[in-house]
$ cat upload.cif   # mmCIF, C-alpha atoms
data_data
loop_
_atom_site.label_atom_id
_atom_site.label_comp_id
_atom_site.auth_asym_id
_atom_site.auth_seq_id
_atom_site.Cartn_x
_atom_site.Cartn_y
_atom_site.Cartn_z
CA MET A 1 0.00 0.00 0.00
CA VAL A 2 1.24 3.50 -0.85
CA THR A 3 2.08 5.68 2.17
CA GLU A 4 2.80 9.40 2.17
CA PHE A 5 6.07 10.96 3.31
CA THR A 6 5.12 12.50 6.68
CA PRO A 7 8.18 14.38 7.94
CA ILE A 8 6.43 16.31 10.73
CA ALA A 9 4.71 13.28 12.26
CA ALA A 10 7.99 11.39 11.86
CA ALA A 11 9.90 14.13 13.68
CA ILE A 12 7.34 14.31 16.52
CA GLY A 13 7.30 10.52 16.87
CA GLY A 14 11.09 10.33 16.65
CA ALA A 15 11.35 13.01 19.35
CA LEU A 16 9.07 11.02 21.67
CA ILE A 17 11.14 7.87 21.08
CA GLY A 18 14.35 9.84 21.67
CA ILE A 19 12.98 11.44 24.86
CA ALA A 20 11.88 8.04 26.26
CA CYS A 21 15.32 6.53 25.53
CA ALA A 22 17.16 9.57 26.87
CA LEU A 23 15.15 9.67 30.12
CA LEU A 24 15.67 5.95 30.72
CA LEU A 25 19.41 6.51 30.35
CA VAL A 26 19.69 9.76 32.31
CA LEU A 27 17.34 8.74 35.13
CA TYR A 28 18.16 5.04 35.46
CA GLY A 29 21.30 4.40 33.40
CA LYS A 30 19.54 1.89 31.17
CA ILE A 31 19.24 1.24 27.45
CA ALA A 32 15.81 1.16 25.78
CA GLY A 33 16.48 -1.82 23.54
CA ILE A 34 13.12 -3.41 22.85
CA SER A 35 14.43 -6.79 21.70
CA GLY A 36 16.52 -7.11 24.88
CA ILE A 37 13.58 -6.03 26.99
CA VAL A 38 11.29 -8.60 25.32
CA LYS A 39 13.94 -11.34 25.54
CA SER A 40 14.17 -10.82 29.28
CA VAL A 41 10.78 -12.50 29.74
CA PHE A 42 12.66 -15.80 29.28
CA ASN A 43 15.03 -15.04 32.13
CA LYS A 44 14.47 -15.45 35.82
CA GLN A 45 12.71 -12.31 37.07
CA THR A 46 14.62 -10.33 39.65
CA ALA A 47 13.90 -6.99 41.33
CA GLU A 48 16.56 -5.57 39.00
CA SER A 49 14.88 -6.80 35.80
CA ARG A 50 11.33 -5.89 36.76
CA TRP A 51 11.57 -2.48 35.05
CA LYS A 52 11.52 -4.29 31.70
CA LEU A 53 8.05 -5.67 32.41
CA TYR A 54 6.84 -2.18 33.38
CA PHE A 55 8.29 -0.78 30.15
CA ILE A 56 6.47 -3.46 28.14
CA VAL A 57 3.23 -2.57 29.96
CA GLY A 58 3.77 1.06 28.91
CA LEU A 59 4.27 0.09 25.27
CA LEU A 60 1.10 -2.01 25.31
CA LEU A 61 -0.87 0.76 27.04
CA ALA A 62 0.17 3.18 24.29
CA GLY A 63 -1.27 0.77 21.72
CA ILE A 64 -4.46 0.27 23.74
CA ALA A 65 -4.96 4.01 24.36
CA VAL A 66 -4.51 4.87 20.70
CA ARG A 67 -6.81 2.04 19.69
CA ILE A 68 -9.53 3.50 21.92
CA PHE A 69 -9.07 7.23 21.25
CA ALA A 70 -7.57 7.42 17.74
CA PRO A 71 -7.84 3.99 16.11
CA SER A 72 -6.96 5.27 12.63
CA LEU A 73 -3.40 5.99 13.86
CA LEU A 74 -2.86 2.31 14.56
CA GLU A 75 -3.62 1.29 10.99
CA GLY A 76 -1.41 -1.26 9.33
CA GLU A 77 -1.49 -4.87 8.30
CA LEU A 78 0.91 -7.62 7.41
CA SER A 79 0.28 -8.50 3.80
CA LEU A 80 2.04 -11.86 4.03
CA SER A 81 0.83 -15.44 4.14
CA PRO A 82 0.66 -16.94 7.67
CA VAL A 83 3.68 -19.13 6.86
CA LEU A 84 5.77 -16.11 5.86
CA ILE A 85 4.58 -14.20 8.94
CA VAL A 86 5.93 -17.01 11.11
CA VAL A 87 9.19 -17.17 9.11
CA ALA A 88 9.67 -13.40 9.41
CA GLY A 89 8.88 -13.46 13.13
CA LEU A 90 11.33 -16.30 13.78
CA LEU A 91 14.04 -14.45 11.84
CA VAL A 92 13.40 -11.23 13.77
CA GLY A 93 13.43 -13.08 17.11
CA MET A 94 16.55 -15.14 16.39
CA GLY A 95 18.38 -12.29 14.68
CA THR A 96 17.84 -9.65 17.36
CA SER A 97 18.66 -12.20 20.03
CA LEU A 98 21.98 -13.19 18.43
CA ALA A 99 22.89 -9.60 17.56
CA ASN A 100 21.85 -8.41 21.04
CA GLY A 101 19.79 -5.59 19.63
CA CYS A 102 17.46 -4.22 17.00
CA THR A 103 16.40 -0.86 15.57
CA SER A 104 16.06 0.66 19.06
CA GLY A 105 19.04 -0.79 20.94
CA HIS A 106 21.62 -0.77 18.15
CA GLY A 107 19.93 1.77 15.89
CA VAL A 108 18.80 4.61 18.15
CA CYS A 109 20.73 4.03 21.39
CA GLY A 110 23.96 2.41 20.14
CA MET A 111 24.71 4.47 17.04
CA SER A 112 24.24 7.73 18.96
CA ARG A 113 26.88 6.46 21.41
CA PHE A 114 29.22 5.87 18.43
CA SER A 115 29.41 2.17 19.29
CA THR A 116 31.21 0.34 16.47
CA ARG A 117 29.19 -2.82 17.14
CA SER A 118 25.93 -0.91 16.79
CA TRP A 119 27.05 0.80 13.57
CA VAL A 120 28.12 -2.53 12.07
CA SER A 121 24.88 -4.22 13.18
CA THR A 122 22.58 -1.41 11.99
CA CYS A 123 24.32 -1.01 8.61
CA THR A 124 24.15 -4.79 8.14
CA PHE A 125 20.47 -5.26 8.99
CA MET A 126 19.52 -2.12 7.03
CA ALA A 127 21.36 -3.31 3.93
CA VAL A 128 19.92 -6.84 4.18
CA ALA A 129 16.41 -5.47 4.82
CA ILE A 130 16.65 -3.13 1.80
CA ILE A 131 17.80 -5.97 -0.47
CA THR A 132 15.10 -8.31 0.91
CA ALA A 133 12.29 -5.75 0.56
CA ASN A 134 13.32 -4.93 -3.02
CA LEU A 135 13.48 -8.59 -4.02
CA VAL A 136 10.25 -9.63 -2.30
CA GLY A 137 8.12 -6.49 -2.60
CA MET B 1 7.05 5.25 41.85
CA THR B 2 9.87 3.66 39.86
CA ALA B 3 7.32 1.30 38.30
CA VAL B 4 5.05 4.18 37.30
CA ILE B 5 7.92 6.09 35.68
CA HIS B 6 8.96 3.03 33.66
CA VAL B 7 5.38 2.49 32.49
CA ILE B 8 5.25 6.16 31.42
CA LEU B 9 8.56 5.88 29.55
CA GLY B 10 7.30 2.78 27.72
CA PHE B 11 4.09 4.65 26.96
CA ILE B 12 5.97 7.64 25.48
CA PHE B 13 8.12 5.28 23.40
CA GLY B 14 5.04 3.44 22.11
CA LEU B 15 3.25 6.69 21.33
CA GLY B 16 6.32 7.80 19.37
CA LEU B 17 6.26 4.62 17.30
CA ILE B 18 2.56 5.08 16.52
CA ILE B 19 2.67 8.84 15.75
CA SER B 20 5.68 8.39 13.48
CA GLY B 21 3.81 5.67 11.59
CA MET B 22 6.43 3.02 12.33
CA THR B 23 3.72 0.63 13.56
CA ASN B 24 2.47 0.50 9.95
CA PRO B 25 4.48 -2.21 8.13
CA ASP B 26 3.72 -0.60 4.74
CA LYS B 27 5.36 2.64 5.82
CA VAL B 28 8.53 0.79 6.80
CA LEU B 29 8.49 -1.36 3.64
CA ASN B 30 8.01 1.75 1.48
CA PHE B 31 11.21 3.08 3.02
CA LEU B 32 13.15 -0.14 2.45
CA ASN B 33 11.76 -0.81 -1.04
CA PHE B 34 12.71 1.75 -3.70
CA GLN B 35 10.43 0.28 -6.36
CA ASN B 36 7.22 1.61 -4.82
CA GLN B 37 6.54 5.28 -4.12
CA TRP B 38 9.39 5.88 -1.68
CA ASP B 39 8.55 7.06 1.86
CA GLY B 40 11.55 8.53 3.68
CA SER B 41 9.76 8.99 7.03
CA LEU B 42 11.78 6.26 8.78
CA ILE B 43 15.07 8.09 8.39
CA ILE B 44 13.59 11.23 9.99
CA VAL B 45 12.36 9.15 12.95
CA MET B 46 15.82 7.60 13.40
CA ALA B 47 17.69 10.90 12.96
CA VAL B 48 15.58 12.85 15.47
CA ALA B 49 15.62 10.06 18.06
CA MET B 50 19.40 9.63 17.63
CA GLY B 51 19.99 13.38 17.91
CA ILE B 52 18.21 13.49 21.29
CA MET B 53 20.05 10.37 22.45
CA MET B 54 23.37 11.94 21.47
CA LEU B 55 22.68 14.77 23.92
CA ALA B 56 21.90 12.19 26.62
CA TRP B 57 25.22 10.42 25.94
CA PHE B 58 27.11 13.72 26.26
CA TRP B 59 25.49 14.21 29.65
CA VAL B 60 26.26 10.63 30.70
CA ALA B 61 29.94 11.00 29.80
CA LYS B 62 30.34 13.56 32.59
CA LYS B 63 28.44 11.65 35.28
CA ASP B 64 29.32 8.60 37.33
CA LYS B 65 25.76 7.63 38.17
CA PRO B 66 22.26 8.24 36.79
CA LEU B 67 19.89 10.71 38.52
CA LEU B 68 17.58 8.11 40.10
CA GLY B 69 19.59 4.89 39.80
CA GLU B 70 22.65 3.38 41.42
CA ALA B 71 24.81 2.84 38.34
CA PHE B 72 24.84 2.82 34.56
CA THR B 73 24.16 -0.64 33.16
CA LEU B 74 25.73 -0.33 29.72
CA SER B 75 27.28 -2.84 27.37
CA ASP B 76 31.07 -2.76 27.25
CA VAL B 77 31.31 -5.46 24.56
CA LYS B 78 33.48 -4.19 21.74
CA ASN B 79 34.25 -7.07 19.39
CA ILE B 80 32.59 -7.51 16.01
CA SER B 81 31.74 -11.20 16.38
CA PRO B 82 30.35 -13.61 13.77
CA ARG B 83 27.35 -13.86 16.08
CA LEU B 84 26.69 -10.12 15.74
CA ILE B 85 26.88 -10.29 11.95
CA THR B 86 24.79 -13.47 11.67
CA GLY B 87 22.13 -12.02 13.96
CA SER B 88 22.03 -8.73 12.06
CA VAL B 89 21.65 -10.55 8.72
CA LEU B 90 18.79 -12.73 10.07
CA PHE B 91 17.06 -9.71 11.58
CA GLY B 92 17.45 -7.81 8.28
CA LEU B 93 15.82 -10.70 6.41
CA GLY B 94 12.84 -10.82 8.78
CA TRP B 95 12.47 -7.05 8.92
CA GLY B 96 12.77 -6.63 5.15
CA LEU B 97 10.16 -9.34 4.65
CA SER B 98 7.60 -8.05 7.17
CA GLY B 99 8.34 -4.37 7.82
CA ILE B 100 7.97 -5.00 11.55
CA CYS B 101 10.66 -4.92 14.25
CA PRO B 102 10.18 -5.86 17.93
CA GLY B 103 8.86 -2.48 19.23
CA PRO B 104 6.09 -2.01 16.65
CA GLY B 105 5.37 -5.76 16.87
CA LEU B 106 4.64 -5.37 20.58
CA VAL B 107 2.54 -2.21 20.19
CA GLN B 108 0.48 -3.72 17.34
CA LEU B 109 -0.72 -6.49 19.69
CA ALA B 110 -3.21 -3.83 20.85
CA SER B 111 -4.84 -3.86 17.40
CA LEU B 112 -5.98 -7.42 18.25
CA LYS B 113 -5.29 -8.51 14.66
CA MET B 114 -4.46 -12.21 14.45
CA GLU B 115 -1.51 -11.61 12.10
CA PHE B 116 0.34 -9.44 14.61
CA TRP B 117 -0.19 -11.97 17.42
CA LEU B 118 1.12 -14.71 15.14
CA PHE B 119 4.13 -12.56 14.25
CA PHE B 120 4.92 -11.76 17.88
CA ALA B 121 4.54 -15.38 18.97
CA ALA B 122 7.08 -16.27 16.26
CA VAL B 123 9.44 -13.53 17.51
CA LEU B 124 9.29 -15.04 21.01
CA GLY B 125 9.84 -18.48 19.45
CA GLY B 126 12.88 -17.18 17.58
CA MET B 127 14.32 -15.69 20.77
CA TRP B 128 13.75 -18.97 22.57
CA ILE B 129 15.50 -20.90 19.79
CA ALA B 130 18.45 -18.49 19.83
CA LYS B 131 18.75 -18.99 23.57
CA LYS B 132 18.96 -22.77 23.07
CA VAL B 133 21.64 -22.78 20.36
#
$ encode --input "upload.cif" --output "C-alpha cells"
Amino acid sequence: MVTEFTPIAAAIGGALIGIACALLLVLYGKIAGISGIVKSVFNKQTAESRWKLYFIVGLLLAGIAVRIFAPSLLEGELSLSPVLIVVAGLLVGMGTSLANGCTSGHGVCGMSRFSTRSWVSTCTFMAVAIITANLVG
Amino acid sequence: MTAVIHVILGFIFGLGLIISGMTNPDKVLNFLNFQNQWDGSLIIVMAVAMGIMMLAWFWVAKKDKPLLGEAFTLSDVKNISPRLITGSVLFGLGWGLSGICPGPGLVQLASLKMEFWLFFAAVLGGMWIAKKV
C-alpha cells in the first residue's frame, strides 16, 4: 500500500522515542532496547529486571490508548501469508537475540553512542532489509 | 514510583512509534523498497531520536551515576563477532520481509489482529531458539 512521506509526524514521533530513551538513560542508566527487553521474559525475574516488564506494559498501554481514542493511527497490516509471517517473526526473534539488539538498541541508542558494534549491526540489517524488501516487494 | 515512571517511559516510546507511523508495516516497507513510491519517514524518525540520544550520551559522559539509579548498566562489549553479523543478517531478512521490528510488533498487539499476534509469537519463538543454540 502507498504511504505518504510524513516528515512532521515522523519528527514528533522520533522526538518522543528519543525522549523516552534519553530519560531511561539519564534517570536510570539503562538502554531502551526493545528486543533485549522482550527477551528478558525468558530469564528469571529479579527486582533488577522488573523495570523491563513495566516498560512493556507502557508500550502495550500506548497501543491500547490509541486504539480507543484514535484507532486510525494504529492502521497497518501484514500482507504476508501466515507461513511467511511465522518465518519473518522467527528471523526477527533469532536475529535480534543473536545480535543483542534491534532498531532501538543498536539503531537509536547504540549508534548515537558511536558504538562500532551498533554501527556494524545497523548497517548490516539495514542493507539486508533493503535488499530483501526490493526482491520480495 | 519507579514502576510508574517506567510504564510512562514505555508509553511515550510506544506513542512515538505510533505517531511516526512506524507501527504500519507498509510505511517501513516503502522506506526499504525503492520500487514503490518511496517514503523517507523512517530516516527522519531515526535521525531525530538519535539526535536526542546523542545529547543524553554527552550528559552521561560527565556523570558517574544516573539521577535516580545506582549505576549505569551499559554494554562494554566491543568485538565484532560472527554472532553479531549473523544475527544482524537474520534480523534484516525478517524485517525486510515483514516491515515489523520488535517495538512495533509489541505495540500492534493492541490492534488485536491475528496476524500481529502470530508474528509476535514467532518472535518469542525465535528468541527462545536463539537462547537454546
$ resolve_selection --input "upload.cif" --expression "the PyMOL selection byres ((chain A) within 6 of (chain B))" --output "VMD selection string"
chain A and resid 3 5 to 7 9 to 11 13 to 18 20 22 26 to 30 34 to 35 54 to 55 58 to 60 62 to 64 76 85 to 86 88 to 99 108 112 117 121 124 to 125 128 to 130 132 to 134
$ write_last_selection --input "upload.cif" --atoms "C-alpha atoms" --output "PDB file, in the coordinates of the input"
ATOM      1  CA  THR A   3       2.080   5.680   2.170  1.00  0.00           C
ATOM      2  CA  PHE A   5       6.070  10.960   3.310  1.00  0.00           C
ATOM      3  CA  THR A   6       5.120  12.500   6.680  1.00  0.00           C
ATOM      4  CA  PRO A   7       8.180  14.380   7.940  1.00  0.00           C
ATOM      5  CA  ALA A   9       4.710  13.280  12.260  1.00  0.00           C
ATOM      6  CA  ALA A  10       7.990  11.390  11.860  1.00  0.00           C
ATOM      7  CA  ALA A  11       9.900  14.130  13.680  1.00  0.00           C
ATOM      8  CA  GLY A  13       7.300  10.520  16.870  1.00  0.00           C
ATOM      9  CA  GLY A  14      11.090  10.330  16.650  1.00  0.00           C
ATOM     10  CA  ALA A  15      11.350  13.010  19.350  1.00  0.00           C
ATOM     11  CA  LEU A  16       9.070  11.020  21.670  1.00  0.00           C
ATOM     12  CA  ILE A  17      11.140   7.870  21.080  1.00  0.00           C
ATOM     13  CA  GLY A  18      14.350   9.840  21.670  1.00  0.00           C
ATOM     14  CA  ALA A  20      11.880   8.040  26.260  1.00  0.00           C
ATOM     15  CA  ALA A  22      17.160   9.570  26.870  1.00  0.00           C
ATOM     16  CA  VAL A  26      19.690   9.760  32.310  1.00  0.00           C
ATOM     17  CA  LEU A  27      17.340   8.740  35.130  1.00  0.00           C
ATOM     18  CA  TYR A  28      18.160   5.040  35.460  1.00  0.00           C
ATOM     19  CA  GLY A  29      21.300   4.400  33.400  1.00  0.00           C
ATOM     20  CA  LYS A  30      19.540   1.890  31.170  1.00  0.00           C
ATOM     21  CA  ILE A  34      13.120  -3.410  22.850  1.00  0.00           C
ATOM     22  CA  SER A  35      14.430  -6.790  21.700  1.00  0.00           C
ATOM     23  CA  TYR A  54       6.840  -2.180  33.380  1.00  0.00           C
ATOM     24  CA  PHE A  55       8.290  -0.780  30.150  1.00  0.00           C
ATOM     25  CA  GLY A  58       3.770   1.060  28.910  1.00  0.00           C
ATOM     26  CA  LEU A  59       4.270   0.090  25.270  1.00  0.00           C
ATOM     27  CA  LEU A  60       1.100  -2.010  25.310  1.00  0.00           C
ATOM     28  CA  ALA A  62       0.170   3.180  24.290  1.00  0.00           C
ATOM     29  CA  GLY A  63      -1.270   0.770  21.720  1.00  0.00           C
ATOM     30  CA  ILE A  64      -4.460   0.270  23.740  1.00  0.00           C
ATOM     31  CA  GLY A  76      -1.410  -1.260   9.330  1.00  0.00           C
ATOM     32  CA  ILE A  85       4.580 -14.200   8.940  1.00  0.00           C
ATOM     33  CA  VAL A  86       5.930 -17.010  11.110  1.00  0.00           C
ATOM     34  CA  ALA A  88       9.670 -13.400   9.410  1.00  0.00           C
ATOM     35  CA  GLY A  89       8.880 -13.460  13.130  1.00  0.00           C
ATOM     36  CA  LEU A  90      11.330 -16.300  13.780  1.00  0.00           C
ATOM     37  CA  LEU A  91      14.040 -14.450  11.840  1.00  0.00           C
ATOM     38  CA  VAL A  92      13.400 -11.230  13.770  1.00  0.00           C
ATOM     39  CA  GLY A  93      13.430 -13.080  17.110  1.00  0.00           C
ATOM     40  CA  MET A  94      16.550 -15.140  16.390  1.00  0.00           C
ATOM     41  CA  GLY A  95      18.380 -12.290  14.680  1.00  0.00           C
ATOM     42  CA  THR A  96      17.840  -9.650  17.360  1.00  0.00           C
ATOM     43  CA  SER A  97      18.660 -12.200  20.030  1.00  0.00           C
ATOM     44  CA  LEU A  98      21.980 -13.190  18.430  1.00  0.00           C
ATOM     45  CA  ALA A  99      22.890  -9.600  17.560  1.00  0.00           C
ATOM     46  CA  VAL A 108      18.800   4.610  18.150  1.00  0.00           C
ATOM     47  CA  SER A 112      24.240   7.730  18.960  1.00  0.00           C
ATOM     48  CA  ARG A 117      29.190  -2.820  17.140  1.00  0.00           C
ATOM     49  CA  SER A 121      24.880  -4.220  13.180  1.00  0.00           C
ATOM     50  CA  THR A 124      24.150  -4.790   8.140  1.00  0.00           C
ATOM     51  CA  PHE A 125      20.470  -5.260   8.990  1.00  0.00           C
ATOM     52  CA  VAL A 128      19.920  -6.840   4.180  1.00  0.00           C
ATOM     53  CA  ALA A 129      16.410  -5.470   4.820  1.00  0.00           C
ATOM     54  CA  ILE A 130      16.650  -3.130   1.800  1.00  0.00           C
ATOM     55  CA  THR A 132      15.100  -8.310   0.910  1.00  0.00           C
ATOM     56  CA  ALA A 133      12.290  -5.750   0.560  1.00  0.00           C
ATOM     57  CA  ASN A 134      13.320  -4.930  -3.020  1.00  0.00           C
TER      58      ASN A 134
END
$ resolve_selection --input "upload.cif" --expression "the PyMOL selection byres ((chain A and resi 52) around 9)" --output "ChimeraX atom specification"
/A:36-38,40-41,48-51,53-57 /B:6
$ atom_distance --input "upload.cif" --atom1 "CA of Gly110 (chain A)" --atom2 "CA of Ile31 (chain A)"
8.8 Å
$ atom_distance --input "upload.cif" --atom1 "CA of Ile8 (chain A)" --atom2 "CA of Leu73 (chain A)"
14.6 Å
$ atom_distance --input "upload.cif" --atom1 "CA of Phe69 (chain A)" --atom2 "CA of Gly105 (chain A)"
29.2 Å
$ axis_aligned_box --input "upload.cif" --around "region 127-133 of chain A" --padding-each-side "8 Å" --output "AutoDock Vina command-line options"
--center_x 16.8 --center_y -5.7 --center_z 2.2 --size_x 25.1 --size_y 21.2 --size_z 21.3
$ build_atoms --input "upload.cif" --residues "region 29-40 of chain A" --atoms "all heavy atoms" --output "CSV table (one decimal), in the frame of the given file"
chain,number,residue,atom,x,y,z
A,29,GLY,N,20.1,5.0,33.9
A,29,GLY,CA,21.3,4.4,33.4
A,29,GLY,C,21.1,3.2,32.5
A,29,GLY,O,21.9,2.3,32.4
A,30,LYS,N,19.9,3.1,31.9
A,30,LYS,CA,19.5,1.9,31.2
A,30,LYS,C,19.3,2.2,29.7
A,30,LYS,O,19.0,3.3,29.3
A,30,LYS,CB,18.3,1.2,31.8
A,30,LYS,CG,18.6,0.6,33.1
A,30,LYS,CD,17.3,0.3,33.8
A,30,LYS,CE,17.6,-0.2,35.3
A,30,LYS,NZ,16.5,0.2,36.1
A,31,ILE,N,19.4,1.1,28.9
A,31,ILE,CA,19.2,1.2,27.4
A,31,ILE,C,17.9,0.7,27.0
A,31,ILE,O,17.5,-0.4,27.4
A,31,ILE,CB,20.3,0.4,26.7
A,31,ILE,CG1,21.7,0.9,27.1
A,31,ILE,CG2,20.1,0.4,25.2
A,31,ILE,CD1,22.0,2.3,26.5
A,32,ALA,N,17.1,1.6,26.3
A,32,ALA,CA,15.8,1.2,25.8
A,32,ALA,C,16.0,0.3,24.5
A,32,ALA,O,15.7,0.8,23.4
A,32,ALA,CB,14.9,2.4,25.5
A,33,GLY,N,16.4,-0.9,24.7
A,33,GLY,CA,16.5,-1.8,23.5
A,33,GLY,C,15.3,-2.8,23.6
A,33,GLY,O,15.2,-3.6,24.5
A,34,ILE,N,14.4,-2.7,22.7
A,34,ILE,CA,13.1,-3.4,22.8
A,34,ILE,C,13.4,-4.9,22.7
A,34,ILE,O,12.8,-5.7,23.5
A,34,ILE,CB,12.1,-3.0,21.8
A,34,ILE,CG1,11.9,-1.4,21.9
A,34,ILE,CG2,10.7,-3.7,22.1
A,34,ILE,CD1,11.4,-0.9,23.2
A,35,SER,N,14.2,-5.3,21.8
A,35,SER,CA,14.4,-6.8,21.7
A,35,SER,C,15.0,-7.4,23.0
A,35,SER,O,14.6,-8.4,23.4
A,35,SER,CB,15.3,-7.1,20.5
A,35,SER,OG,16.6,-6.5,20.6
A,36,GLY,N,15.9,-6.6,23.6
A,36,GLY,CA,16.5,-7.1,24.9
A,36,GLY,C,15.5,-7.1,26.0
A,36,GLY,O,15.5,-8.1,26.8
A,37,ILE,N,14.6,-6.1,26.0
A,37,ILE,CA,13.6,-6.0,27.0
A,37,ILE,C,12.6,-7.2,26.8
A,37,ILE,O,12.2,-7.9,27.8
A,37,ILE,CB,12.9,-4.7,26.9
A,37,ILE,CG1,13.8,-3.6,27.4
A,37,ILE,CG2,11.5,-4.7,27.6
A,37,ILE,CD1,13.3,-2.2,27.2
A,38,VAL,N,12.2,-7.5,25.6
A,38,VAL,CA,11.3,-8.6,25.3
A,38,VAL,C,11.9,-9.9,25.7
A,38,VAL,O,11.3,-10.8,26.3
A,38,VAL,CB,10.8,-8.6,23.8
A,38,VAL,CG1,10.1,-9.9,23.5
A,38,VAL,CG2,10.0,-7.4,23.6
A,39,LYS,N,13.2,-10.1,25.3
A,39,LYS,CA,13.9,-11.3,25.5
A,39,LYS,C,14.0,-11.7,27.0
A,39,LYS,O,14.1,-12.8,27.4
A,39,LYS,CB,15.4,-11.2,24.9
A,39,LYS,CG,16.0,-12.6,24.8
A,39,LYS,CD,17.3,-12.4,23.9
A,39,LYS,CE,18.4,-11.8,24.6
A,39,LYS,NZ,19.7,-11.8,23.9
A,40,SER,N,14.0,-10.6,27.8
A,40,SER,CA,14.2,-10.8,29.3
A,40,SER,C,13.0,-11.6,29.9
A,40,SER,O,13.1,-12.1,31.0
A,40,SER,CB,14.3,-9.5,30.0
A,40,SER,OG,13.1,-8.8,30.0
